file final_8.txt (compact mmCIF, C-alpha atoms and all ligand atoms)
# COMPACT_ATOMS: atom_id res chain seq x y z
CA MET A 1 37.98 4.80 39.85
CA LEU A 2 36.96 5.15 43.47
CA ILE A 3 35.14 2.27 45.09
CA ARG A 4 33.72 4.06 48.07
CA ARG A 5 29.99 4.06 48.48
CA LYS A 6 27.70 6.62 50.02
CA PRO A 7 28.32 6.17 53.75
CA ASP A 8 24.66 6.00 54.82
CA ILE A 9 23.85 2.92 52.74
CA PRO A 10 25.09 -0.13 54.66
CA SER A 11 26.46 -2.82 52.36
CA SER A 12 23.80 -5.20 53.69
CA GLU A 13 21.19 -2.92 52.10
CA ILE A 14 22.62 -3.02 48.64
CA THR A 15 20.85 -5.40 46.34
CA ASP A 16 23.33 -7.17 44.16
CA GLU A 17 22.13 -7.71 40.64
CA LYS A 18 21.55 -11.47 41.07
CA VAL A 19 19.29 -10.88 44.05
CA TYR A 20 17.63 -8.08 42.11
CA TRP A 21 16.81 -10.28 39.13
CA ASN A 22 15.65 -13.12 41.37
CA ARG A 23 13.30 -10.75 43.14
CA ARG A 24 12.01 -9.52 39.78
CA ALA A 25 11.62 -13.08 38.53
CA PHE A 26 9.67 -13.90 41.67
CA ILE A 27 7.34 -10.96 41.14
CA ARG A 28 6.76 -11.87 37.50
CA ALA A 29 6.23 -15.51 38.42
CA ALA A 30 2.98 -14.56 40.10
CA ALA A 31 1.70 -13.38 36.72
CA GLY A 32 3.44 -15.74 34.33
CA ALA A 33 3.62 -19.12 36.06
CA GLY A 34 6.92 -20.98 35.90
CA ALA A 35 9.31 -18.05 35.40
CA LEU A 36 11.43 -19.14 38.36
CA ALA A 37 12.09 -22.51 36.81
CA LEU A 38 13.54 -20.90 33.68
CA GLY A 39 17.14 -19.85 33.13
CA ALA A 40 18.32 -16.28 33.68
CA PRO A 41 18.22 -15.18 30.00
CA VAL A 42 14.63 -16.34 29.76
CA VAL A 43 13.80 -14.45 32.91
CA ASN A 44 15.36 -11.33 31.43
CA ARG A 45 13.30 -11.78 28.32
CA LEU A 46 10.18 -12.21 30.41
CA VAL A 47 10.95 -8.92 32.07
CA ALA A 48 11.45 -7.42 28.62
CA ALA A 49 8.11 -8.79 27.50
CA ALA A 50 6.47 -7.35 30.60
CA ALA A 51 8.11 -4.01 29.83
CA GLY A 52 6.90 -4.28 26.25
CA GLY A 53 3.34 -4.29 27.52
CA ARG A 54 3.88 -0.79 28.86
CA ARG A 55 3.67 2.45 26.97
CA ASP A 56 7.13 2.19 25.45
CA GLY A 57 6.08 -0.56 23.08
CA GLY A 58 9.04 -2.76 24.05
CA GLY A 59 11.69 -0.13 23.48
CA GLN A 60 13.95 -1.35 26.25
CA GLN A 61 14.45 -4.85 24.99
CA GLY A 62 17.96 -4.18 23.69
CA ALA A 63 19.29 -3.15 27.07
CA LEU A 64 17.57 -6.05 28.81
CA GLU A 65 19.78 -8.39 26.83
CA ASP A 66 22.82 -6.60 28.27
CA LYS A 67 24.38 -7.42 31.62
CA LEU A 68 23.45 -4.87 34.26
CA ASN A 69 26.18 -2.79 35.79
CA THR A 70 26.50 -3.34 39.53
CA TYR A 71 25.01 -0.96 42.07
CA GLU A 72 28.57 -0.21 43.13
CA GLU A 73 29.61 0.82 39.60
CA ILE A 74 26.49 2.91 39.01
CA THR A 75 26.87 4.83 42.26
CA THR A 76 30.64 5.39 42.43
CA TYR A 77 31.51 6.39 38.86
CA ASN A 78 29.52 9.54 38.23
CA ASN A 79 29.44 12.92 36.59
CA PHE A 80 27.85 15.54 38.83
CA TYR A 81 30.00 18.66 38.67
CA GLU A 82 28.08 20.30 41.51
CA PHE A 83 30.14 17.94 43.70
CA GLY A 84 33.45 18.01 41.86
CA THR A 85 34.80 17.02 38.48
CA GLY A 86 36.32 13.63 39.44
CA LYS A 87 34.31 10.47 38.79
CA GLY A 88 34.55 9.51 42.47
CA ASP A 89 33.71 12.98 43.83
CA PRO A 90 29.88 12.71 43.75
CA ALA A 91 29.91 9.48 45.81
CA LYS A 92 32.27 11.15 48.30
CA TYR A 93 30.68 14.57 48.59
CA ALA A 94 26.99 14.42 47.56
CA HIS A 95 25.90 13.67 51.13
CA THR A 96 25.52 17.44 51.61
CA LEU A 97 22.55 17.43 49.21
CA ARG A 98 19.20 17.37 51.02
CA PRO A 99 16.63 15.70 48.75
CA ARG A 100 13.76 16.33 51.23
CA PRO A 101 11.86 18.57 51.49
CA TRP A 102 12.00 19.26 47.73
CA THR A 103 9.73 20.88 45.22
CA VAL A 104 9.58 20.71 41.44
CA GLU A 105 8.01 23.65 39.63
CA VAL A 106 6.32 22.89 36.31
CA THR A 107 5.67 26.14 34.54
CA GLY A 108 5.83 28.23 31.37
CA GLU A 109 3.60 27.52 28.37
CA VAL A 110 1.10 25.37 30.29
CA HIS A 111 -2.53 25.84 31.26
CA ARG A 112 -2.06 24.41 34.77
CA PRO A 113 1.33 25.52 36.17
CA ARG A 114 2.10 23.93 39.53
CA VAL A 115 4.70 23.51 42.20
CA TYR A 116 4.77 19.86 43.24
CA ASP A 117 6.14 18.53 46.46
CA ILE A 118 8.36 15.60 45.46
CA ASP A 119 6.42 13.06 47.54
CA GLU A 120 3.12 14.27 46.12
CA LEU A 121 4.57 13.89 42.63
CA LEU A 122 5.75 10.36 43.33
CA LYS A 123 2.30 9.43 44.61
CA LEU A 124 0.70 10.69 41.40
CA PHE A 125 2.94 8.70 39.08
CA PRO A 126 3.78 5.11 40.00
CA LEU A 127 7.39 4.12 39.37
CA GLU A 128 8.12 1.55 36.68
CA GLU A 129 11.36 -0.29 36.09
CA ARG A 130 13.25 0.77 32.96
CA VAL A 131 16.53 -0.91 32.09
CA TYR A 132 18.39 1.54 29.86
CA ARG A 133 21.87 1.95 28.50
CA LEU A 134 23.56 5.23 29.47
CA ARG A 135 26.20 6.32 26.94
CA CYS A 136 28.35 9.17 28.19
CA VAL A 137 29.84 11.58 25.67
CA GLU A 138 33.24 10.61 27.15
CA ALA A 139 32.88 7.19 25.43
CA TRP A 140 31.99 5.02 28.40
CA SER A 141 28.65 3.39 29.09
CA MET A 142 26.61 1.52 31.69
CA VAL A 143 23.36 -0.44 31.86
CA ILE A 144 21.14 0.82 34.64
CA PRO A 145 17.83 -0.45 36.05
CA TRP A 146 16.07 2.83 36.69
CA GLU A 147 12.81 3.30 38.56
CA GLY A 148 10.87 6.15 37.03
CA PHE A 149 7.78 7.37 35.24
CA PRO A 150 7.26 8.82 31.77
CA LEU A 151 7.92 12.58 31.63
CA ALA A 152 4.89 12.69 29.29
CA SER A 153 2.58 11.79 32.20
CA LEU A 154 3.63 14.91 34.08
CA LEU A 155 3.57 17.15 31.02
CA GLU A 156 0.09 15.98 30.05
CA ARG A 157 -1.12 16.80 33.53
CA VAL A 158 -0.09 20.47 33.31
CA GLU A 159 -1.57 20.78 29.80
CA PRO A 160 0.98 22.42 27.48
CA THR A 161 -0.38 25.36 25.48
CA SER A 162 -0.23 25.34 21.67
CA HIS A 163 2.86 27.59 21.93
CA ALA A 164 4.98 25.02 23.82
CA ARG A 165 7.74 23.67 21.54
CA PHE A 166 10.60 22.88 23.91
CA VAL A 167 11.12 21.87 27.53
CA GLU A 168 13.80 23.43 29.75
CA PHE A 169 15.08 21.68 32.89
CA THR A 170 16.96 23.32 35.76
CA THR A 171 19.02 21.78 38.57
CA LEU A 172 18.98 23.17 42.12
CA TYR A 173 21.24 26.17 42.71
CA ASP A 174 22.47 26.12 46.31
CA PRO A 175 26.24 26.31 46.84
CA GLU A 176 25.73 25.35 50.47
CA GLN A 177 24.28 21.97 49.47
CA MET A 178 26.29 21.76 46.26
CA PRO A 179 29.78 23.06 47.09
CA GLY A 180 31.03 22.56 43.53
CA GLN A 181 28.85 25.53 42.56
CA ARG A 182 31.32 27.79 44.38
CA ARG A 183 33.74 27.18 41.54
CA ALA A 184 33.07 28.49 38.06
CA VAL A 185 33.81 25.20 36.30
CA LEU A 186 30.36 25.46 34.68
CA PRO A 187 27.79 28.24 34.54
CA TRP A 188 25.30 27.45 37.36
CA PRO A 189 22.66 26.22 37.68
CA TYR A 190 23.01 23.31 35.26
CA VAL A 191 20.32 23.53 32.58
CA GLU A 192 19.16 21.17 29.84
CA GLY A 193 16.50 21.04 27.17
CA LEU A 194 14.52 18.80 24.86
CA ARG A 195 12.24 19.40 21.94
CA LEU A 196 8.63 18.79 23.05
CA ASP A 197 8.24 15.63 20.95
CA GLU A 198 11.44 14.19 22.47
CA ALA A 199 10.16 15.07 25.93
CA MET A 200 6.80 13.41 25.22
CA HIS A 201 8.37 10.22 23.86
CA PRO A 202 7.49 7.22 26.06
CA LEU A 203 11.18 6.25 26.47
CA THR A 204 11.90 9.58 28.19
CA ILE A 205 11.51 9.23 31.95
CA LEU A 206 11.98 11.08 35.19
CA ALA A 207 13.82 8.69 37.50
CA ALA A 208 13.50 8.62 41.27
CA GLY A 209 15.24 5.32 41.94
CA LEU A 210 17.56 2.62 40.67
CA TYR A 211 17.94 -1.05 41.53
CA GLY A 212 14.58 -0.77 43.28
CA LYS A 213 15.97 1.78 45.76
CA VAL A 214 15.58 5.49 46.26
CA LEU A 215 17.89 7.41 43.92
CA PRO A 216 21.25 8.02 45.62
CA ASN A 217 22.28 11.68 45.82
CA GLN A 218 25.21 11.17 43.44
CA ASN A 219 22.81 9.91 40.74
CA GLY A 220 20.64 13.03 40.94
CA ALA A 221 18.26 12.71 43.89
CA PRO A 222 15.42 13.19 44.26
CA LEU A 223 14.50 13.39 40.55
CA ARG A 224 16.57 13.29 37.36
CA LEU A 225 15.88 13.05 33.67
CA VAL A 226 16.81 9.95 31.64
CA VAL A 227 16.77 10.11 27.82
CA PRO A 228 18.36 6.82 26.78
CA TRP A 229 19.15 7.63 23.13
CA LYS A 230 21.08 10.81 24.00
CA TYR A 231 24.50 11.32 25.56
CA GLY A 232 24.42 11.17 29.36
CA PHE A 233 24.86 14.91 29.84
CA LYS A 234 21.25 15.44 28.69
CA SER A 235 20.14 13.47 31.79
CA ILE A 236 20.02 16.44 34.14
CA LYS A 237 20.08 15.69 37.87
CA SER A 238 18.34 17.06 40.98
CA ILE A 239 15.69 18.94 39.01
CA VAL A 240 13.84 21.86 40.62
CA ARG A 241 12.15 23.36 37.58
CA ILE A 242 10.62 22.14 34.32
CA ARG A 243 9.54 24.95 32.01
CA LEU A 244 7.73 24.62 28.69
CA VAL A 245 8.97 27.27 26.29
CA ARG A 246 8.57 28.57 22.75
CA GLU A 247 12.24 28.86 21.81
CA GLN A 248 15.05 26.30 21.99
CA PRO A 249 16.45 26.63 25.52
CA ARG A 250 20.10 27.07 26.38
CA THR A 251 21.89 23.99 27.67
CA THR A 252 24.93 23.93 29.94
CA TRP A 253 27.45 22.04 27.81
CA ASN A 254 26.38 23.84 24.67
CA LEU A 255 26.99 27.16 26.46
CA VAL A 256 30.44 26.02 27.58
CA ALA A 257 31.64 24.56 24.25
CA PRO A 258 29.10 25.02 21.44
CA HIS A 259 31.31 23.42 18.77
CA GLU A 260 31.71 20.28 20.91
CA TYR A 261 28.25 19.79 22.42
CA GLY A 262 25.09 20.45 20.43
CA PHE A 263 21.52 20.85 21.58
CA TYR A 264 20.46 17.41 20.29
CA ALA A 265 23.34 15.29 21.65
CA ASN A 266 21.97 12.12 20.06
CA VAL A 267 24.29 9.13 20.45
CA ASN A 268 25.82 8.73 17.01
CA PRO A 269 28.91 6.65 16.14
CA ASP A 270 29.19 8.50 12.80
CA VAL A 271 29.48 11.99 14.27
CA ASP A 272 32.74 12.31 16.16
CA HIS A 273 33.35 14.68 19.02
CA PRO A 274 35.93 17.19 17.67
CA ARG A 275 38.55 15.80 20.08
CA TRP A 276 37.77 12.05 19.98
CA SER A 277 35.89 9.34 18.11
CA GLN A 278 32.40 8.27 19.13
CA LYS A 279 32.59 4.98 17.20
CA ARG A 280 33.31 2.85 20.26
CA GLU A 281 32.73 2.89 23.98
CA ARG A 282 34.00 1.21 27.12
CA ARG A 283 31.27 -0.46 29.12
CA ILE A 284 32.23 0.16 32.75
CA GLY A 285 33.43 -3.15 34.18
CA GLU A 286 34.64 -4.49 30.82
CA LEU A 287 38.14 -4.53 29.41
CA PHE A 288 37.57 -4.19 25.68
CA LYS A 289 35.69 -1.48 23.86
CA ARG A 290 32.48 -2.26 22.04
CA PRO A 291 30.90 -0.50 19.04
CA THR A 292 28.58 2.39 19.83
CA LEU A 293 25.07 1.92 18.44
CA PHE A 294 23.20 4.60 16.47
CA LEU A 295 20.84 6.36 18.88
CA ASN A 296 22.32 4.09 21.55
CA GLY A 297 20.38 1.12 20.16
CA TYR A 298 16.97 2.81 20.38
CA ALA A 299 16.75 3.79 16.68
CA ASP A 300 13.64 1.65 16.04
CA GLN A 301 11.81 3.70 18.63
CA VAL A 302 13.14 7.21 18.05
CA ALA A 303 14.77 7.59 14.61
CA HIS A 304 11.50 8.98 13.19
CA LEU A 305 11.92 12.05 15.42
CA TYR A 306 14.88 13.08 13.25
CA ALA A 307 13.59 12.16 9.79
CA GLY A 308 14.95 14.59 7.21
CA MET A 309 17.36 16.24 9.64
CA ASP A 310 21.09 16.44 8.94
CA LEU A 311 22.45 14.92 12.16
CA ARG A 312 25.94 16.27 11.44
CA LYS A 313 24.56 19.77 11.55
CA TYR A 314 22.08 19.11 14.38
CA PHE A 315 24.50 17.16 16.58
N1 LIG A 401 23.35 16.94 35.92
C1 LIG A 401 23.88 17.92 36.67
N2 LIG A 401 23.06 18.74 37.36
N3 LIG A 401 25.22 18.13 36.75
C2 LIG A 401 26.10 17.34 36.04
O1 LIG A 401 27.33 17.58 36.13
N4 LIG A 401 26.39 15.47 34.48
C3 LIG A 401 25.77 14.81 33.31
C4 LIG A 401 24.43 14.16 33.67
N5 LIG A 401 23.63 15.06 34.50
C5 LIG A 401 25.58 16.29 35.23
C6 LIG A 401 24.17 16.09 35.23
C7 LIG A 401 26.64 13.82 32.69
S1 LIG A 401 27.98 14.42 31.83
C8 LIG A 401 26.36 12.47 32.74
S2 LIG A 401 27.31 11.35 31.83
C9 LIG A 401 25.28 11.93 33.58
O2 LIG A 401 24.65 12.94 34.37
C10 LIG A 401 25.84 10.87 34.52
O3 LIG A 401 24.81 10.27 35.25
P1 LIG A 401 25.20 9.18 36.36
O4 LIG A 401 26.27 9.77 37.22
O5 LIG A 401 23.94 8.88 37.12
O6 LIG A 401 25.70 7.97 35.61

call {"tool": "encode", "arguments": {"input": "final_8.txt", "output": "structure tokens", "more": "lines below"}}
Ligand code: MTE
result
Amino acid sequence: MLIRRKPDIPSSEITDEKVYWNRRAFIRAAAGAGALALGAPVVNRLVAAAAGGRRDGGGQQGALEDKLNTYEEITTYNNFYEFGTGKGDPAKYAHTLRPRPWTVEVTGEVHRPRVYDIDELLKLFPLEERVYRLRCVEAWSMVIPWEGFPLASLLERVEPTSHARFVEFTTLYDPEQMPGQRRAVLPWPYVEGLRLDEAMHPLTILAAGLYGKVLPNQNGAPLRLVVPWKYGFKSIKSIVRIRLVREQPRTTWNLVAPHEYGFYANVNPDVDHPRWSQKRERRIGELFKRPTLFLNGYADQVAHLYAGMDLRKYF
């Protein structure tokens, strides 16, 4: 694993997780007196309680009990094939991506299609902190403090028609900014999809930051999807288009290897990848593997979406 960080972030600018939590504790203290005097686990729980007051109904509490991965880990161990297939490649090469100016088109089966300038979009929807586990299909995981807003807020604004059943997401296609697109390792641009009810779920966010900072290029600047109960590959990066559609959209990894990567891609320790087990995972920064949780630990919040479905068939 490479430990080089994006060159334009001086190390003095990087919030380490202790400083981050202290800052959070300080902010919460203004609302809930005495938080600073309490121990770190209590502070974490206070943050969880604060999060529970939001629209997700407390869905992130599991991950808030977990230790956060460091900024260094989150930004140097990445999958972003537009910049190479090695885990260290995005941190090394994603500086060629220009996240401003940037537009996101929201279109398809909606009454009010629009092209949003990214800064206009970020003014419309205030960023909230969401601490989520990310479980990669390659059996590693991290815990990441995202800054984002519910995808549902944006979708509600464009008013889906009664025909909208799925949402398709598309990454930028520009081999000049994304040199990896000159090689046919994947069909470009990268595309992903969700069923509309999954997209509207309050745990599903569009992230524009992490650790209280603007999203680094290697993590999908300026805007990426985060769906915490699905394998990481559903979390498409550097989004330029969101399209509401009638039919199940095509998704990149399903196109490449349909028997290995399904449309749903729900984290499931009981459904193995054909070439390896999904029962356990290695948390980046830890030595020993830990058990993988059904729906990545978010089953209480999202299992109802799949009631009556055979998750071996719809993997
Ligand atoms: N989005 C695009 N456009 N291209 C990619 O290669 N990789 C996916 C996902 N989103 C990918 C992408 C995979 S496999 C994972 S595990 C996550 O991004 C990794 O997100 P992270 O690097 O921020 O941890």

call {"tool": "residues_near_ligand", "arguments": {"input": "final_8.txt", "ligand": "ligand LIG 401 (chain A)", "cutoff": "7 Å", "atoms": "only C-alpha atoms and all ligand atoms", "output": "PyMOL selection string"}}
result
chain A and resi 74+77-82+136-137+171+190+218-220+231-238

call {"tool": "closest_residue", "arguments": {"input": "final_8.txt", "among": "A:Leu124, A:Met178, A:Ala199, A:Ile239", "to": "Trp102 of chain A", "atoms": "only C-alpha atoms"}}
result
A:Ile239

call {"tool": "atom_distance", "arguments": {"input": "final_8.txt", "atom1": "atom CA of Ser141 of chain A", "atom2": "atom CA of Arg282 of chain A"}}
result
6.1 Å

call {"tool": "residues_around", "arguments": {"input": "final_8.txt", "residues": "Arg114 of chain A", "least_positions_apart": "4", "cutoff": "7 Å", "atoms": "only C-alpha atoms", "output": "list in words"}}
result
Glu105, Val106 and Thr107 of chain A

call {"tool": "residues_around", "arguments": {"input": "final_8.txt", "residues": "segment 212-216 of chain A", "least_positions_apart": "2", "cutoff": "9 Å", "atoms": "all atoms listed in the file", "output": "PDB file with C-alpha atoms, in the frame of the given file"}}
result
ATOM      1  CA  LYS A   6      27.700   6.620  50.020  1.00  0.00           C
ATOM      2  CA  ILE A  14      22.620  -3.020  48.640  1.00  0.00           C
ATOM      3  CA  THR A  15      20.850  -5.400  46.340  1.00  0.00           C
ATOM      4  CA  TYR A  20      17.630  -8.080  42.110  1.00  0.00           C
ATOM      5  CA  THR A  75      26.870   4.830  42.260  1.00  0.00           C
ATOM      6  CA  ALA A  91      29.910   9.480  45.810  1.00  0.00           C
ATOM      7  CA  ALA A  94      26.990  14.420  47.560  1.00  0.00           C
ATOM      8  CA  GLU A 129      11.360  -0.290  36.090  1.00  0.00           C
ATOM      9  CA  PRO A 145      17.830  -0.450  36.050  1.00  0.00           C
ATOM     10  CA  TRP A 146      16.070   2.830  36.690  1.00  0.00           C
ATOM     11  CA  GLU A 147      12.810   3.300  38.560  1.00  0.00           C
ATOM     12  CA  ALA A 207      13.820   8.690  37.500  1.00  0.00           C
ATOM     13  CA  ALA A 208      13.500   8.620  41.270  1.00  0.00           C
ATOM     14  CA  GLY A 209      15.240   5.320  41.940  1.00  0.00           C
ATOM     15  CA  LEU A 210      17.560   2.620  40.670  1.00  0.00           C
ATOM     16  CA  GLN A 218      25.210  11.170  43.440  1.00  0.00           C
ATOM     17  CA  ASN A 219      22.810   9.910  40.740  1.00  0.00           C
ATOM     18  CA  GLY A 220      20.640  13.030  40.940  1.00  0.00           C
ATOM     19  CA  ALA A 221      18.260  12.710  43.890  1.00  0.00           C
ATOM     20  CA  PRO A 222      15.420  13.190  44.260  1.00  0.00           C
ATOM     21  CA  LEU A 223      14.500  13.390  40.550  1.00  0.00           C
ATOM     22  CA  ARG A 224      16.570  13.290  37.360  1.00  0.00           C
TER      23      ARG A 224
END

call {"tool": "residues_around", "arguments": {"input": "final_8.txt", "residues": "Met309 of chain A", "least_positions_apart": "6", "cutoff": "12 Å", "atoms": "only C-alpha atoms", "output": "NGL selection string"}}
result
:A and (264 or 303 or 315)

call {"tool": "closest_atom_pairs", "arguments": {"input": "final_8.txt", "of": "segment 175-204 of chain A", "to": "segment 156-170 of chain A", "cutoff": "9 Å", "atoms": "all atoms listed in the file", "output": "JSON lines"}}
result
{"residue": "A:Pro189", "atom": "CA", "partner": "A:Thr170", "partner_atom": "CA", "distance": 6.7}
{"residue": "A:Tyr190", "atom": "CA", "partner": "A:Thr170", "partner_atom": "CA", "distance": 6.1}
{"residue": "A:Val191", "atom": "CA", "partner": "A:Thr170", "partner_atom": "CA", "distance": 4.6}
{"residue": "A:Glu192", "atom": "CA", "partner": "A:Phe169", "partner_atom": "CA", "distance": 5.1}
{"residue": "A:Gly193", "atom": "CA", "partner": "A:Glu168", "partner_atom": "CA", "distance": 4.4}
{"residue": "A:Leu194", "atom": "CA", "partner": "A:Val167", "partner_atom": "CA", "distance": 5.3}
{"residue": "A:Arg195", "atom": "CA", "partner": "A:Phe166", "partner_atom": "CA", "distance": 4.3}
{"residue": "A:Leu196", "atom": "CA", "partner": "A:Phe166", "partner_atom": "CA", "distance": 4.6}
{"residue": "A:Asp197", "atom": "CA", "partner": "A:Arg165", "partner_atom": "CA", "distance": 8.1}
{"residue": "A:Glu198", "atom": "CA", "partner": "A:Phe166", "partner_atom": "CA", "distance": 8.8}
{"residue": "A:Ala199", "atom": "CA", "partner": "A:Val167", "partner_atom": "CA", "distance": 7.1}
{"residue": "A:Met200", "atom": "CA", "partner": "A:Glu156", "partner_atom": "CA", "distance": 8.7}
